[in-house]
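A short write-up of the structure that comes next.
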Amino acid sequence: MIAKNRLKKAGLGLLAAAALVAGAYGAQAQDKEIKIGVIYDYTGPLAAGGSKLQALGAKIMIDYFNSQGGVEGYKINAIYADAQSKPDVAINEAVRLIEQENVDMLLGFYSSAQCVPVSAKVDSLKKFMWITTCISPAVLKDRNLQYVFRPQPHGGLFGLLSPEFLAHYSQEKLGIAPKDLKVAIIHEDGAYGSGVAGGNEEGAKKQGFKVVLKEGYSATAPDLSSLVTKLKRARPDVILHTGYNPDITLFLRQSRELGLRFKALIGHGAGYGVPDKLFEAFDKDANHIFNVDPVSIWLVKPDLLKAGLGDITKMVGERYRKEEPDTKEFSAHVGMAASNAYVFFSDVLPRAIKDHGGIDADALRQAALATDIPVGGTLMGYGVKFNPPEHAMAGQNDLASPVVVQYIDNKAHIVWPRELQSLDPVLPLPSSSPYAK
Amino acid sequence: MEQIFDIYLLEALINGLLFGGVLALLSLGLNLIFGVIDVVWICYAEIVMFGMYAIYWLHAVYGIPIVPAALLAIALTGAMGFLVHYLVISPILGSPPINQLLATGGLLFFLQSFATLLWGIEFRNLGLRLPVLQWGELYFSYARLLAFGIAVIGMIAIYLFLTRTYIGTAIRAISQDREIMTLMGVDSRRVYLVTSVVGGSLAGLAACLLVLQYDVHPFVGLSFGPITFVICVLGGLGNMIGGFIAAFILSEIISIGGFYAELEWGYVLAFAVFIVVMFIRPEGILSKKS
């Protein structure tokens with residue numbers, strides 16, 4: 001009897017112990033989190049230039065994964081920080097998040113001028129950095145960074161794509177042989193503008209265009225009329241422009257006022273990626289402007305993508321509309337950050353946890369290096385495979401590429417590459433445009 | 001012919017002249033305030049920014065015609081001038097200049113942040129596209145011609161106000177010797193307040209013209225604040241005619257420099273000239289003070 005009672009007690013004790021262990025394990029599983037520092041510009045000139053929209057895209061994706069119970073049992077604890085459109089603030093915030101908030105990694109970054117110094121700092125601290133946006137080649141080129149990854153196409157590709165597009169249509173649409181086509185390259189003089197302009201120049205040279213002017217300017221310059229006058233004197237057929245927002249509107253306004261005429265204007269992301277603002281300022285005068293950017297996720301046909309991604313695109317659009325109800329045309333910026341964040345949370349992070357032992361920088365790095373997403377596997381359509389450490393641009397997605405869109409009545413239409421084309425490009429500018437040559 | 005007379009050089013010269021009008025208008029109010037109260041409003045461009053927002057809201061959102069909207073905006077910035085003096089400057093009038101500078105610098109960040117809080121970081125614009133005047137190959141922006149004309153009229157009006165009115169005379173007297181005038185029974189506090197209101201209103205006037213050419217956002221002051229301050233120093237802080245001339249000197253250097261070399265060189269040259277002048281005449285080109 002005593003033995004029976006003892007057995008009973010032992011059994012109960014074992015059960016209680018098992019329950020305690022299970023409870024503790026359960027609590028531990030619930031407590032698991034990945035702490036991510038998310039840095040964008042919520043204030044300052046870059047905020048309205050696209051950074052705040054990028055931040056919204058990243059947040060939508062973080063909230064989405066958290067609403068699905070996190071990633072592999074890890075809740076995402078995002079700490080949002082404002083870089084205030086200043087590189088020094090971006091560095092300080094990155095260091096604060098790493099050293100004081102003890103984040104596991106950083107995600108975000110809009111401005112290349114911030115990315116260049118921050119990436120070096122973060123890499124030296126051996127922390128993982130996932131760049132959703134800033135595109136300058138200078139961020140990664142010849143720097144041999146170990147923990148910095150960028151799924152986004154880099155600015156050199158932006159710069160090369162517009163000459164490739166022009167070379168294809170120069171004779172057919174403009175009646176000018178590529179070797180006689182006169183192009184002007186103008187850009188804001190930060191890392192972003194200079195990087196894209198470098199690609200423009202290389203592409204123009206490759207296609208045999210005549211570069212009649214190449215010039216940088218400060219994005220906060222209060223006057224661009226001298227630049228416009230020089231463009232009038234150089235008489236380019238096509239202007240390749242890279243800028244943020246206040247400088248783009250100032251340039252277009254002063255170009256109109258000073259009678260600058262051209263056959264086409266091709267922008268390269270940032271301010272040109274926010275068509276609502278262009279049409280608000282210039283109404284129909286903004287028609288037929290081209291823009292080189294990663295494709296807007298809402299322009300990608302869902303049947304070209306992996307099953308289920310179309311629903312994610314729809315979800316991002318619904319949440320975007322909820323946050324910004326006045327939006328007329330979805331900005332590519334939101335989709336860009338959402339797509340790049342999605343790659344991390346749906347592919348890299350689960351692999352780090354399952355195959356590389358957790359969420360420390362080395363596990364995340366190993367997981368990122370093993371990324372191999374085929375074309376059609378992301379919301380933006382392109383695949384993801386990062387250049388290996390010995391590569392000149394280590395950490396850059398080798399499969400990423402932008403597209404050329406043309407704006408007509410505040411709607412973006414893909415005009416290049418031809419496989420994705422939804423509109424035969426309108427070239428040259430029709431006579432209804434005040435800029436038409 | 002084109003080698004002898006470059007039409008584009010002429011255009012660059014005219015661009016410089018018209019840009020000078022914008023800068024001259026901006027420097028007018030700042031100089032007036034410094035000349036009389038002896039305090040530099042580092043936050044002056046932010047008051048201009050509030051004026052631009054006022055016109056945007058009144059005209060583009062509430063549909064008030066542009067002229068009454070502009071007048072209301074001028075009244076608003078005049079009231080801001082009053083408040084800035086009454087709440088911030090007045091309590092620290094006797095403090096060392098560095099404290100006054102820090103206070104108005106703090107106000108600059110406050111106004112930027114307050115505007116961000118109220119209206120967000122969106123770039124806004126009136127969507128107005130004024131006609132363009134064409135003469136042969138030359139084009140003139142009406143918005144800039146207007147700014148130039150109003151800067152000249154503003155300068156003359158301020159001159160007449162200071163020389164032909166009783167309060168204007170009092171302002172000049174105070175600016176020459178604030179202690180003696182107080183001893184002679186002049187109410188300096190009233191003169192300071194009137195000057196601040198006039199200075200604030202001039203910021204509103206500048207806002208009316210800037211809003212025709214630039215987007216409005218909380219950080220628009222970053223583009224104009226530093227150069228306005230440099231113009232005032234170059235002209236001789238407190239000297240309105242000096243500031244007026246300095247605005248055109250700098251704008252022409254920026255324009256012609258930017259025309260012959262890269263745009264950035266125009267600014268490099270302008271600031272190099274500023275540094276050289278500061279070495280030769282630290283008090284500015286037309287300073288009333290030594």
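Note on naming: chains are A, B, ... as they come in the structure tokens, residues start from 1 per chain, ligands start from 1 in the order shown.
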For this session: Please identify every residue of chain B that has at least one atom no more than 9 Å from any atom of chain A, counting only C-alpha atoms, and report them as a count of residues only.
Result: 51
Problem set entry | Gly198 of chain A surroundings by only C-alpha atoms, 12 Å radius, close-in-sequence under 2 positions cut, as a ChimeraX atom specification | /A:136-138,154-160,163,185-187,189-196,200-205,214-216,240-242
For this session: Please provide the set of residues having any atom within 7 Å of Ala54 of chain B, restricted to only C-alpha atoms, with same-chain residues fewer than 4 positions apart removed, written as a VMD selection string.
Result: chain B and resid 50 58 73
Could you dump the residues just selected with N, CA and C atoms as a PDB file, in the first residue's frame?
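Saved result, out.pdb, follows:
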ATOM      1  N   PHE B  50       6.769  79.526 -42.146  1.00  0.00           N
ATOM      2  CA  PHE B  50       5.399  79.572 -41.617  1.00  0.00           C
ATOM      3  C   PHE B  50       4.508  80.435 -42.524  1.00  0.00           C
ATOM      4  N   LEU B  58      -4.306  78.771 -46.792  1.00  0.00           N
ATOM      5  CA  LEU B  58      -5.386  79.718 -47.087  1.00  0.00           C
ATOM      6  C   LEU B  58      -5.823  79.628 -48.549  1.00  0.00           C
ATOM      7  N   ALA B  73      -1.263  86.162 -44.672  1.00  0.00           N
ATOM      8  CA  ALA B  73       0.004  85.522 -44.289  1.00  0.00           C
ATOM      9  C   ALA B  73       0.992  86.570 -43.769  1.00  0.00           C
TER      10      ALA B  73
END
For this session: Run DSSP on the backbone and grab whatever in segment 91-265 of chain B lands in strand (DSSP E or B); send it over as a VMD selection string.
Result: chain B and resid 124 132 to 135 138 to 141 216
Exercise. Suppose you want the space between atom CA of Pro275 of chain A and atom CA of Ile55 of chain B; what is it in Å?
Worked result: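 These two atoms are separated by 23.8 Å.
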Problem set entry | Contacts of segment 178-182 of chain B at 12 Å (only C-alpha atoms; same-chain gap of 3+ positions) as a ChimeraX atom specification | /B:35-38,93-94,169-175,185-192
Could you take the residues named above and write them with C-alpha atoms, as an mmCIF file, in the first residue's frame?
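Output contents, as saved in selection.cif:
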data_model
loop_
_atom_site.group_PDB
_atom_site.id
_atom_site.type_symbol
_atom_site.label_atom_id
_atom_site.label_comp_id
_atom_site.auth_asym_id
_atom_site.auth_seq_id
_atom_site.Cartn_x
_atom_site.Cartn_y
_atom_site.Cartn_z
ATOM 1 C CA GLY B 35 20.006 97.091 -36.926
ATOM 2 C CA VAL B 36 17.496 98.149 -34.311
ATOM 3 C CA ILE B 37 17.348 95.426 -31.671
ATOM 4 C CA ASP B 38 20.912 94.157 -32.079
ATOM 5 C CA LEU B 93 17.755 91.542 -24.272
ATOM 6 C CA GLY B 94 20.437 92.243 -21.685
ATOM 7 C CA THR B 169 12.617 108.146 -37.015
ATOM 8 C CA ALA B 170 12.391 106.678 -33.513
ATOM 9 C CA ILE B 171 13.583 103.332 -34.866
ATOM 10 C CA ARG B 172 16.580 104.980 -36.522
ATOM 11 C CA ALA B 173 17.363 106.930 -33.399
ATOM 12 C CA ILE B 174 17.251 103.804 -31.242
ATOM 13 C CA SER B 175 19.450 101.943 -33.694
ATOM 14 C CA GLY B 185 12.209 109.272 -22.702
ATOM 15 C CA VAL B 186 11.718 107.128 -25.795
ATOM 16 C CA ASP B 187 9.856 103.906 -25.060
ATOM 17 C CA SER B 188 12.372 101.494 -26.511
ATOM 18 C CA ARG B 189 10.172 98.462 -25.800
ATOM 19 C CA ARG B 190 7.489 99.832 -28.115
ATOM 20 C CA VAL B 191 10.037 100.575 -30.823
ATOM 21 C CA TYR B 192 11.431 97.045 -30.550
#
